[in-house]
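Structure file input03.cif (mmCIF, C-alpha atoms and all ligand atoms) follows.
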data_query
loop_
_atom_site.label_atom_id
_atom_site.label_comp_id
_atom_site.auth_asym_id
_atom_site.auth_seq_id
_atom_site.Cartn_x
_atom_site.Cartn_y
_atom_site.Cartn_z
CA MET A 976 -35.86 34.91 -89.61
CA LEU A 977 -33.85 31.96 -88.35
CA ASN A 978 -36.15 29.19 -87.12
CA VAL A 979 -34.70 27.37 -84.13
CA GLY A 980 -35.54 24.36 -81.99
CA ILE A 981 -34.35 23.68 -78.45
CA LEU A 982 -33.64 20.26 -77.00
CA GLY A 983 -33.49 20.16 -73.20
CA ALA A 984 -35.58 23.33 -73.17
CA THR A 985 -36.85 22.74 -69.64
CA GLY A 986 -33.37 22.57 -68.12
CA TYR A 987 -31.50 25.56 -66.75
CA THR A 988 -29.39 26.25 -69.83
CA GLY A 989 -32.44 25.63 -72.03
CA GLU A 990 -34.42 28.21 -70.06
CA GLU A 991 -31.65 30.79 -70.39
CA LEU A 992 -31.46 30.10 -74.13
CA ILE A 993 -35.17 30.70 -74.56
CA ARG A 994 -35.13 33.81 -72.35
CA LEU A 995 -32.30 35.37 -74.37
CA LEU A 996 -33.56 34.24 -77.78
CA HIS A 997 -36.91 35.87 -77.01
CA ASN A 998 -35.20 39.24 -77.41
CA HIS A 999 -33.11 38.25 -80.41
CA PRO A 1000 -34.44 40.17 -83.41
CA ASN A 1001 -33.41 37.57 -86.01
CA VAL A 1002 -34.62 34.41 -84.31
CA MET A 1003 -37.98 32.67 -84.18
CA ILE A 1004 -38.33 29.88 -81.58
CA LYS A 1005 -40.23 27.14 -83.43
CA LYS A 1006 -39.78 24.11 -81.21
CA ILE A 1007 -39.53 23.92 -77.45
CA LEU A 1008 -38.90 20.24 -76.90
CA SER A 1009 -39.45 18.22 -73.78
CA THR A 1010 -39.88 14.65 -72.65
CA SER A 1011 -41.37 15.49 -69.23
CA TYR A 1012 -43.65 18.45 -70.00
CA LYS A 1013 -45.21 17.47 -73.34
CA ASP A 1014 -48.30 19.60 -74.11
CA LYS A 1015 -47.68 21.84 -71.09
CA LYS A 1016 -47.20 25.57 -71.60
CA TYR A 1017 -43.58 26.62 -71.28
CA ASN A 1018 -44.76 29.38 -68.96
CA PHE A 1019 -46.13 26.67 -66.66
CA VAL A 1020 -42.62 25.21 -66.33
CA TYR A 1021 -40.95 28.61 -65.98
CA ARG A 1022 -43.39 31.26 -64.75
CA ASN A 1023 -41.03 34.13 -65.57
CA PHE A 1024 -42.43 33.60 -69.10
CA VAL A 1025 -46.04 34.37 -68.11
CA GLY A 1026 -47.16 37.32 -70.22
CA PHE A 1027 -44.33 36.82 -72.70
CA ASN A 1028 -44.62 33.34 -74.12
CA GLU A 1029 -47.62 31.08 -74.74
CA ASP A 1030 -45.70 28.27 -76.48
CA ILE A 1031 -46.50 24.67 -75.69
CA CYS A 1032 -43.72 22.15 -75.05
CA GLN A 1033 -43.61 19.71 -77.93
CA GLU A 1034 -42.91 16.02 -77.51
CA LEU A 1035 -39.42 15.10 -78.56
CA ASP A 1036 -39.57 12.90 -81.66
CA TRP A 1037 -36.10 12.23 -83.02
CA ASP A 1038 -37.45 11.27 -86.47
CA THR A 1039 -39.02 14.66 -87.12
CA LEU A 1040 -36.82 16.76 -84.86
CA VAL A 1041 -35.07 18.79 -87.53
CA ASP A 1042 -38.10 19.34 -89.78
CA GLY A 1043 -39.07 22.99 -90.07
CA ILE A 1044 -36.06 24.43 -88.30
CA ASP A 1045 -32.78 25.92 -89.51
CA LEU A 1046 -30.80 25.52 -86.33
CA LEU A 1047 -31.04 23.20 -83.35
CA PHE A 1048 -29.70 24.04 -79.90
CA SER A 1049 -29.10 20.96 -77.79
CA ALA A 1050 -28.97 21.37 -74.03
CA LEU A 1051 -29.19 17.73 -73.01
CA PRO A 1052 -27.31 15.79 -70.35
CA TYR A 1053 -24.33 13.86 -71.74
CA GLY A 1054 -24.90 10.67 -73.67
CA ILE A 1055 -28.31 11.45 -75.21
CA LEU A 1056 -27.51 13.42 -78.35
CA MET A 1057 -24.71 11.02 -79.26
CA ALA A 1058 -27.20 8.14 -79.31
CA HIS A 1059 -29.57 9.84 -81.77
CA LEU A 1060 -27.59 12.21 -83.96
CA THR A 1061 -27.10 11.08 -87.56
CA GLU A 1062 -25.19 12.33 -90.60
CA ASP A 1063 -28.53 12.96 -92.26
CA MET A 1064 -29.61 15.30 -89.44
CA LEU A 1065 -26.31 17.13 -89.61
CA LYS A 1066 -26.87 17.72 -93.33
CA LYS A 1067 -30.34 19.15 -92.76
CA VAL A 1068 -29.78 21.50 -89.86
CA LYS A 1069 -27.14 23.58 -88.11
CA ILE A 1070 -26.46 22.50 -84.53
CA VAL A 1071 -25.09 24.21 -81.47
CA ASP A 1072 -24.58 21.55 -78.78
CA ILE A 1073 -24.21 22.90 -75.26
CA GLY A 1074 -23.54 19.39 -73.96
CA VAL A 1075 -20.31 17.45 -73.83
CA ASP A 1076 -20.64 14.72 -76.46
CA TYR A 1077 -18.69 16.32 -79.31
CA ARG A 1078 -16.09 18.46 -77.51
CA PHE A 1079 -12.60 17.27 -78.53
CA MET A 1080 -13.86 13.83 -77.61
CA ASP A 1081 -11.91 10.61 -77.96
CA LYS A 1082 -12.97 7.06 -77.15
CA GLU A 1083 -10.83 6.59 -74.03
CA SER A 1084 -11.58 9.98 -72.45
CA TYR A 1085 -15.31 9.58 -72.99
CA LYS A 1086 -15.31 6.17 -71.33
CA LYS A 1087 -13.11 7.41 -68.50
CA TYR A 1088 -15.08 10.54 -67.64
CA TYR A 1089 -18.63 9.60 -68.59
CA GLY A 1090 -18.52 5.89 -67.86
CA LYS A 1091 -19.87 4.67 -71.19
CA GLU A 1092 -18.86 4.07 -74.79
CA HIS A 1093 -19.35 6.97 -77.17
CA GLN A 1094 -21.97 5.94 -79.72
CA SER A 1095 -21.18 8.32 -82.59
CA LEU A 1096 -17.56 9.30 -82.24
CA HIS A 1097 -17.24 9.48 -86.03
CA LEU A 1098 -19.42 12.61 -85.99
CA THR A 1099 -17.01 14.50 -83.70
CA ASP A 1100 -15.03 15.73 -86.72
CA GLU A 1101 -18.14 17.53 -87.96
CA PHE A 1102 -18.11 19.76 -84.88
CA VAL A 1103 -16.12 22.96 -84.45
CA TYR A 1104 -15.14 23.84 -80.87
CA GLY A 1105 -17.14 26.96 -80.04
CA LEU A 1106 -14.80 29.02 -77.89
CA SER A 1107 -16.10 32.12 -79.65
CA GLU A 1108 -13.22 34.55 -79.12
CA TRP A 1109 -10.60 32.02 -80.23
CA ASN A 1110 -12.21 30.09 -83.02
CA GLU A 1111 -14.17 32.79 -84.80
CA GLU A 1112 -13.14 32.02 -88.37
CA ALA A 1113 -13.93 28.29 -88.08
CA ILE A 1114 -17.21 29.01 -86.28
CA LYS A 1115 -18.29 31.34 -89.10
CA GLU A 1116 -17.86 28.47 -91.58
CA ALA A 1117 -19.23 25.74 -89.31
CA LYS A 1118 -22.49 23.83 -89.52
CA SER A 1119 -22.13 22.19 -86.11
CA ILE A 1120 -20.70 23.63 -82.93
CA ALA A 1121 -19.56 21.93 -79.75
CA ASN A 1122 -20.05 24.66 -77.16
CA PRO A 1123 -17.33 24.57 -74.48
CA GLY A 1124 -17.96 23.61 -70.86
CA CYS A 1125 -18.28 26.39 -68.27
CA TYR A 1126 -15.09 25.87 -66.26
CA ALA A 1127 -13.23 25.11 -69.50
CA THR A 1128 -14.40 28.41 -71.02
CA ALA A 1129 -13.12 30.36 -68.01
CA MET A 1130 -9.76 28.59 -67.86
CA LEU A 1131 -9.10 28.75 -71.59
CA MET A 1132 -9.95 32.45 -71.72
CA ALA A 1133 -7.47 33.14 -68.91
CA LEU A 1134 -4.65 30.93 -70.19
CA ILE A 1135 -4.52 31.00 -73.98
CA PRO A 1136 -3.02 34.50 -74.40
CA LEU A 1137 -0.26 33.82 -71.87
CA ILE A 1138 0.62 30.42 -73.28
CA LYS A 1139 0.55 31.71 -76.84
CA GLU A 1140 3.13 34.32 -75.86
CA ALA A 1141 5.19 31.78 -73.85
CA LEU A 1142 4.90 33.93 -70.71
CA ILE A 1143 4.09 31.26 -68.15
CA ASP A 1144 5.19 27.96 -66.73
CA LYS A 1145 3.04 25.17 -68.12
CA ASP A 1146 2.44 23.46 -64.79
CA ILE A 1147 -0.75 25.18 -63.68
CA ILE A 1148 -2.96 24.85 -60.63
CA ALA A 1149 -6.57 26.00 -60.75
CA ASP A 1150 -9.33 26.28 -58.18
CA GLY A 1151 -12.86 26.55 -59.54
CA LYS A 1152 -16.02 27.62 -57.76
CA SER A 1153 -19.47 27.27 -59.24
CA GLY A 1154 -23.03 28.06 -58.23
CA LEU A 1155 -25.43 25.15 -57.95
CA SER A 1156 -27.15 25.79 -61.28
CA GLY A 1157 -23.95 24.36 -62.82
CA GLY A 1158 -25.24 20.95 -61.83
CA GLY A 1159 -28.51 21.34 -63.74
CA ARG A 1160 -32.14 21.29 -62.61
CA THR A 1161 -32.41 17.62 -61.85
CA LEU A 1162 -32.45 17.16 -58.10
CA THR A 1163 -29.63 15.25 -56.45
CA ILE A 1164 -28.77 14.83 -52.78
CA GLY A 1165 -25.71 17.03 -53.13
CA THR A 1166 -27.59 19.89 -54.74
CA HIS A 1167 -30.76 20.15 -52.70
CA TYR A 1168 -31.10 23.20 -50.42
CA VAL A 1169 -30.52 21.61 -47.04
CA GLU A 1170 -27.41 19.78 -48.22
CA ALA A 1171 -25.89 22.65 -50.16
CA ASN A 1172 -26.86 25.86 -48.37
CA GLU A 1173 -24.30 27.26 -45.89
CA SER A 1174 -21.74 24.77 -47.09
CA MET A 1175 -18.96 24.54 -49.61
CA LYS A 1176 -17.45 21.43 -51.05
CA ALA A 1177 -14.71 20.29 -53.36
CA TYR A 1178 -15.54 17.56 -55.85
CA LYS A 1179 -14.02 15.49 -58.66
CA LEU A 1180 -10.48 16.06 -57.40
CA ASN A 1181 -8.16 14.85 -60.13
CA ASN A 1182 -10.94 13.63 -62.40
CA HIS A 1183 -13.01 16.55 -63.64
CA PRO A 1184 -13.55 16.21 -67.42
CA HIS A 1185 -12.77 19.88 -67.99
CA VAL A 1186 -9.09 19.12 -67.29
CA ILE A 1187 -8.86 17.15 -70.50
CA GLU A 1188 -11.03 19.70 -72.30
CA VAL A 1189 -8.67 22.52 -71.28
CA GLN A 1190 -5.54 20.51 -72.12
CA LYS A 1191 -6.91 19.68 -75.55
CA GLY A 1192 -8.10 23.25 -76.03
CA ILE A 1193 -4.70 24.67 -75.16
CA GLU A 1194 -3.05 22.27 -77.57
CA PHE A 1195 -5.55 23.13 -80.29
CA PHE A 1196 -5.22 26.91 -79.94
CA THR A 1197 -1.52 27.21 -79.05
CA GLY A 1198 0.18 23.94 -80.00
CA GLU A 1199 1.47 23.63 -76.43
CA THR A 1200 0.97 20.96 -73.79
CA ILE A 1201 0.14 21.89 -70.21
CA GLU A 1202 -0.11 20.08 -66.91
CA LEU A 1203 -3.26 21.14 -65.10
CA THR A 1204 -4.31 20.41 -61.54
CA PHE A 1205 -7.93 21.50 -61.19
CA THR A 1206 -10.14 21.36 -58.11
CA PRO A 1207 -13.76 22.45 -58.58
CA HIS A 1208 -15.93 23.54 -55.66
CA ILE A 1209 -19.64 24.01 -55.24
CA VAL A 1210 -20.56 27.22 -53.45
CA PRO A 1211 -24.06 28.01 -52.18
CA MET A 1212 -25.02 30.46 -54.93
CA GLN A 1213 -27.59 30.15 -57.66
CA ARG A 1214 -25.25 30.96 -60.51
CA GLY A 1215 -21.79 32.28 -61.28
CA LEU A 1216 -18.39 30.70 -61.70
CA MET A 1217 -14.91 31.80 -60.74
CA VAL A 1218 -11.55 30.15 -61.36
CA THR A 1219 -8.31 31.19 -59.67
CA LEU A 1220 -5.22 29.98 -61.52
CA TYR A 1221 -1.68 29.78 -60.16
CA THR A 1222 1.45 29.58 -62.26
CA LYS A 1223 4.85 31.26 -62.55
CA LEU A 1224 6.08 33.79 -65.06
CA GLN A 1225 8.90 32.51 -67.24
CA LYS A 1226 10.83 35.72 -66.62
CA LYS A 1227 10.46 38.90 -64.53
CA LEU A 1228 7.57 40.94 -65.91
CA ASP A 1229 5.55 43.80 -64.50
CA TYR A 1230 1.77 44.12 -64.38
CA GLU A 1231 1.62 46.36 -67.46
CA SER A 1232 3.51 43.88 -69.66
CA VAL A 1233 1.12 41.05 -68.84
CA LYS A 1234 -1.86 43.35 -69.26
CA GLU A 1235 -0.58 44.32 -72.70
CA VAL A 1236 -0.68 40.68 -73.75
CA TYR A 1237 -4.28 40.30 -72.63
CA SER A 1238 -5.19 43.58 -74.34
CA LYS A 1239 -3.54 42.43 -77.57
CA TYR A 1240 -5.94 39.47 -77.77
CA TYR A 1241 -9.03 40.81 -76.04
CA GLY A 1242 -8.89 44.57 -76.63
CA SER A 1243 -11.49 44.38 -79.40
CA LYS A 1244 -13.61 41.60 -77.89
CA PRO A 1245 -16.87 42.93 -76.48
CA PHE A 1246 -17.44 40.16 -73.96
CA VAL A 1247 -13.98 40.02 -72.37
CA GLN A 1248 -12.77 42.68 -69.96
CA ILE A 1249 -9.46 42.85 -68.14
CA LEU A 1250 -10.22 44.83 -65.00
CA ASP A 1251 -8.01 47.68 -63.81
CA LYS A 1252 -5.06 46.91 -61.57
CA SER A 1253 -6.08 45.78 -58.05
CA ILE A 1254 -9.77 45.60 -58.97
CA TYR A 1255 -10.61 42.03 -58.08
CA VAL A 1256 -12.94 39.94 -60.14
CA GLU A 1257 -16.34 39.08 -58.60
CA THR A 1258 -19.04 36.84 -59.98
CA LYS A 1259 -21.77 39.42 -59.31
CA TRP A 1260 -20.36 41.82 -61.92
CA VAL A 1261 -20.89 39.30 -64.71
CA LYS A 1262 -24.10 37.79 -63.36
CA SER A 1263 -26.70 36.82 -65.96
CA SER A 1264 -24.51 38.15 -68.76
CA ASN A 1265 -22.17 36.92 -71.47
CA MET A 1266 -19.27 38.84 -69.97
CA CYS A 1267 -15.96 37.34 -68.91
CA HIS A 1268 -13.93 39.34 -66.38
CA ILE A 1269 -10.25 38.62 -65.89
CA ASN A 1270 -7.61 40.08 -63.64
CA PHE A 1271 -4.28 38.99 -62.24
CA GLU A 1272 -1.56 39.85 -59.79
CA ILE A 1273 2.18 39.16 -59.78
CA ASN A 1274 4.10 38.36 -56.62
CA GLU A 1275 7.37 40.11 -57.34
CA GLU A 1276 9.31 38.07 -54.78
CA THR A 1277 8.31 34.65 -56.07
CA ASN A 1278 7.39 35.55 -59.64
CA ARG A 1279 4.10 33.78 -59.04
CA LEU A 1280 1.23 34.86 -61.27
CA ILE A 1281 -2.30 34.53 -59.92
CA ILE A 1282 -5.10 34.96 -62.46
CA VAL A 1283 -8.77 35.21 -61.54
CA VAL A 1284 -11.55 34.82 -64.06
CA ALA A 1285 -15.32 35.01 -63.63
CA ILE A 1286 -18.22 34.18 -65.92
CA ASP A 1287 -21.87 33.29 -65.49
CA ASN A 1288 -21.91 29.50 -65.90
CA LEU A 1289 -25.32 29.54 -67.59
CA ILE A 1290 -24.55 32.38 -70.02
CA LYS A 1291 -20.92 32.74 -71.13
CA GLY A 1292 -20.47 29.18 -69.85
CA ALA A 1293 -23.45 27.86 -71.86
CA ALA A 1294 -26.49 29.61 -73.40
CA GLY A 1295 -24.87 33.01 -74.06
CA GLN A 1296 -21.83 31.59 -75.77
CA ALA A 1297 -24.16 29.30 -77.76
CA ILE A 1298 -26.01 32.40 -79.02
CA GLN A 1299 -22.70 34.18 -79.68
CA ASN A 1300 -21.71 31.17 -81.79
CA MET A 1301 -25.05 31.17 -83.60
CA ASN A 1302 -24.51 34.88 -84.37
CA LEU A 1303 -21.07 34.13 -85.81
CA MET A 1304 -22.38 31.18 -87.86
CA MET A 1305 -25.24 33.25 -89.26
CA ASP A 1306 -23.19 36.38 -89.86
CA PHE A 1307 -25.32 38.35 -87.39
CA PRO A 1308 -23.54 40.95 -85.22
CA GLU A 1309 -21.64 38.94 -82.61
CA ASN A 1310 -23.37 40.63 -79.67
CA MET A 1311 -26.91 40.53 -81.06
CA GLY A 1312 -29.33 39.58 -78.26
CA LEU A 1313 -26.49 39.61 -75.73
CA ASN A 1314 -25.67 43.28 -75.50
CA TYR A 1315 -26.97 44.18 -72.06
CA ILE A 1316 -25.52 45.14 -68.69
CA PRO A 1317 -25.07 42.30 -66.16
CA VAL A 1318 -27.63 42.04 -63.34
CA CYS A 1319 -25.46 42.73 -60.28
CA ILE A 1320 -27.98 42.56 -57.45
N1 LIG B 1401 -25.71 24.11 -66.03
C1 LIG B 1401 -24.60 24.67 -66.49
O1 LIG B 1401 -24.08 25.65 -65.92
C2 LIG B 1401 -23.96 24.17 -67.74
C3 LIG B 1401 -24.41 23.02 -68.37
N2 LIG B 1401 -23.79 22.58 -69.51
C4 LIG B 1401 -24.27 21.37 -70.18
O2 LIG B 1401 -25.53 21.66 -70.78
C5 LIG B 1401 -26.35 20.50 -70.79
C6 LIG B 1401 -27.68 20.85 -70.11
O3 LIG B 1401 -27.39 21.26 -68.80
P1 LIG B 1401 -28.49 21.83 -67.82
O4 LIG B 1401 -29.40 22.74 -68.55
O5 LIG B 1401 -27.79 22.31 -66.63
O6 LIG B 1401 -29.26 20.49 -67.47
P2 LIG B 1401 -30.68 20.26 -66.76
O7 LIG B 1401 -30.56 19.03 -65.99
O8 LIG B 1401 -31.11 21.49 -66.08
O9 LIG B 1401 -31.65 20.02 -68.01
C7 LIG B 1401 -31.48 19.02 -68.95
C8 LIG B 1401 -32.79 18.83 -69.71
O10 LIG B 1401 -32.60 17.74 -70.60
C9 LIG B 1401 -33.85 17.06 -70.75
N3 LIG B 1401 -33.62 15.61 -70.74
C10 LIG B 1401 -33.15 14.86 -69.72
N4 LIG B 1401 -33.08 13.57 -70.07
C11 LIG B 1401 -33.51 13.51 -71.35
C12 LIG B 1401 -33.69 12.46 -72.28
N5 LIG B 1401 -33.38 11.19 -71.97
N6 LIG B 1401 -34.14 12.74 -73.51
C13 LIG B 1401 -34.44 14.01 -73.84
N7 LIG B 1401 -34.33 15.05 -72.99
C14 LIG B 1401 -33.87 14.81 -71.78
C15 LIG B 1401 -34.71 17.43 -69.57
O11 LIG B 1401 -35.91 18.00 -70.07
P3 LIG B 1401 -37.27 17.20 -70.19
O12 LIG B 1401 -37.36 16.32 -68.99
O13 LIG B 1401 -38.30 18.26 -70.27
O14 LIG B 1401 -37.12 16.45 -71.47
C16 LIG B 1401 -33.94 18.47 -68.82
O15 LIG B 1401 -34.73 19.59 -68.52
C17 LIG B 1401 -25.56 19.41 -70.08
O16 LIG B 1401 -24.90 18.64 -71.04
C18 LIG B 1401 -24.56 20.20 -69.25
O17 LIG B 1401 -23.41 19.45 -69.02
C19 LIG B 1401 -22.77 23.27 -70.07
C20 LIG B 1401 -22.29 24.41 -69.50
C21 LIG B 1401 -22.82 24.93 -68.27
C1 LIG B 1402 -21.48 22.77 -60.47
C2 LIG B 1402 -21.37 21.66 -61.47
O1 LIG B 1402 -21.75 20.52 -61.23
N1 LIG B 1402 -20.85 21.98 -62.63
C3 LIG B 1402 -20.69 21.04 -63.70
C4 LIG B 1402 -20.12 21.77 -64.88
C5 LIG B 1402 -21.12 22.26 -65.85
C6 LIG B 1402 -20.56 22.20 -67.26
O2 LIG B 1402 -20.11 23.07 -67.94
O3 LIG B 1402 -20.43 20.98 -67.59
P1 LIG B 1402 -20.41 20.08 -68.85
O4 LIG B 1402 -19.01 19.95 -69.28
O5 LIG B 1402 -20.95 18.83 -68.29
O6 LIG B 1402 -21.25 20.68 -69.91
C7 LIG B 1402 -19.68 19.94 -63.34
O7 LIG B 1402 -18.75 20.21 -62.61
O8 LIG B 1402 -19.80 18.87 -63.93
#

How would this structure read if it were set down as structure tokens?
Amino acid sequence: MLNVGILGATGYTGEELIRLLHNHPNVMIKKILSTSYKDKKYNFVYRNFVGFNEDICQELDWDTLVDGIDLLFSALPYGILMAHLTEDMLKKVKIVDIGVDYRFMDKESYKKYYGKEHQSLHLTDEFVYGLSEWNEEAIKEAKSIANPGCYATAMLMALIPLIKEALIDKDIIADGKSGLSGGGRTLTIGTHYVEANESMKAYKLNNHPHVIEVQKGIEFFTGETIELTFTPHIVPMQRGLMVTLYTKLQKKLDYESVKEVYSKYYGSKPFVQILDKSIYVETKWVKSSNMCHINFEINEETNRLIIVVAIDNLIKGAAGQAIQNMNLMMDFPENMGLNYIPVCI
């Protein structure tokens, strides 16, 4: 049994981690950590666990955090793990960090996007970027994983095959839409019901951190540089994320030729499906699952390629991919604990 601990367990991605790990045959949840719910039952915080889990939330103590566990999942807001993580902890325990602190991070970008100095940038090199389908060999050897962001996961999955094969123009426009759970459980004006229901809004135009994450990811996996214009939107849904990407094909190609490229890279990947021609991607078909659905259409007159990709922000965009990465690191079957049909209704 792999003994795991969960930081940020009472947040949305933490809850999804615990829910999925409950059914993972090779995992024992040893530590459910919290600063706000110390000594409270986890099933008091999340009552879907009543009848399944009697664990008590343990107080977070950074000095003893890694004692008694083999792997730590961190699902904390940015800036917290970086202030506490040490080389000694990294030696003692495997880590899968769902947060942002160690994703292709550099000093200037961190300051620019998160408004503060990174406190342990030297540890970034210890982390392997956990885009499971693209970094499998490195993940298998890794001790520490930086799990990708949700929008970044969707965009990278859609773009890498086409850029690798030099099929598309590298000036790309992307529109993202996310359910409100993407913003986490902490209440803000913009995410409370009255403000968000029956409304849609764009945010972080020209300054969403996933632009740099995608650019760095593309460079890392393909060696190419792209220009990316990305506009995220909040839509009044609980969960789910869709990105529509616009670019041009470098030469005239038909649907089948582009599909062949996707199939070459994803044909054997259980969590990535290229839908049949003219079947449009919808968030509900991947809801609550680790699946990633992709489809595309070519405008034959303009040679414009439109790609649409959908994932569940909390699963493939966070907790599910974190478990997929744990499976790869531990040499468990990649889909262990994740092999179920999405909840469409
Ligand atoms: N939501 C999403 O769709 C996605 C989120 N992510 C990333 O995952 C991470 C977690 O996100 P999410 O679950 O949505 O966030 P939430 O806001 O829902 O939860 C974060 C949890 O962190 C804990 N926490 C907050 N402050 C501190 C602190 N100072 N010290 C220790 N613990 C603290 C809180 O638990 P408590 O008060 O009990 O300690 C809280 O429940 C973030 O970095 C986010 O960017 C990545 C991909 C997708
Ligand atoms: C709807 C919403 O607010 N979504 C978050 C993305 C969640 C995620 O993946 O973000 P991290 O990179 O911070 O882990 C955002 O746009 O910041």

For Thr1039 in chain A: contacts at 12 Å, all atoms listed in the file, fewer than 3 positions along chain excluded, given as a VMD selection string:
chain A and resid 980 1006 1008 1033 to 1036 1042 to 1044 1059 1063 to 1064 1067 to 1068

Pick the closest to ligand LIG 1402 (chain B) from A:Ile1147, A:Cys1267, A:Met1057, A:Leu1155: which is it, counting all atoms listed in the file?
A:Leu1155

With a distance cut-off of 10 Å and only C-alpha atoms, select the neighbouring residues of range 1218-1220 of chain A, excluding the residue or stretch itself and same-chain residues fewer than 5 positions from it, and output the selection as a PyMOL selection string.
chain A and resi 1126-1127+1129-1130+1133-1134+1147-1153+1203-1208+1256+1269-1271+1280-1286

d(CA of Tyr987 in chain A, CA of Met1080 in chain A) in Å
23.8 Å

Coordinates-based distance that separates CA of Ile1070 in chain A from CA of Lys1118 in chain A (Å, one decimal)
6.5 Å
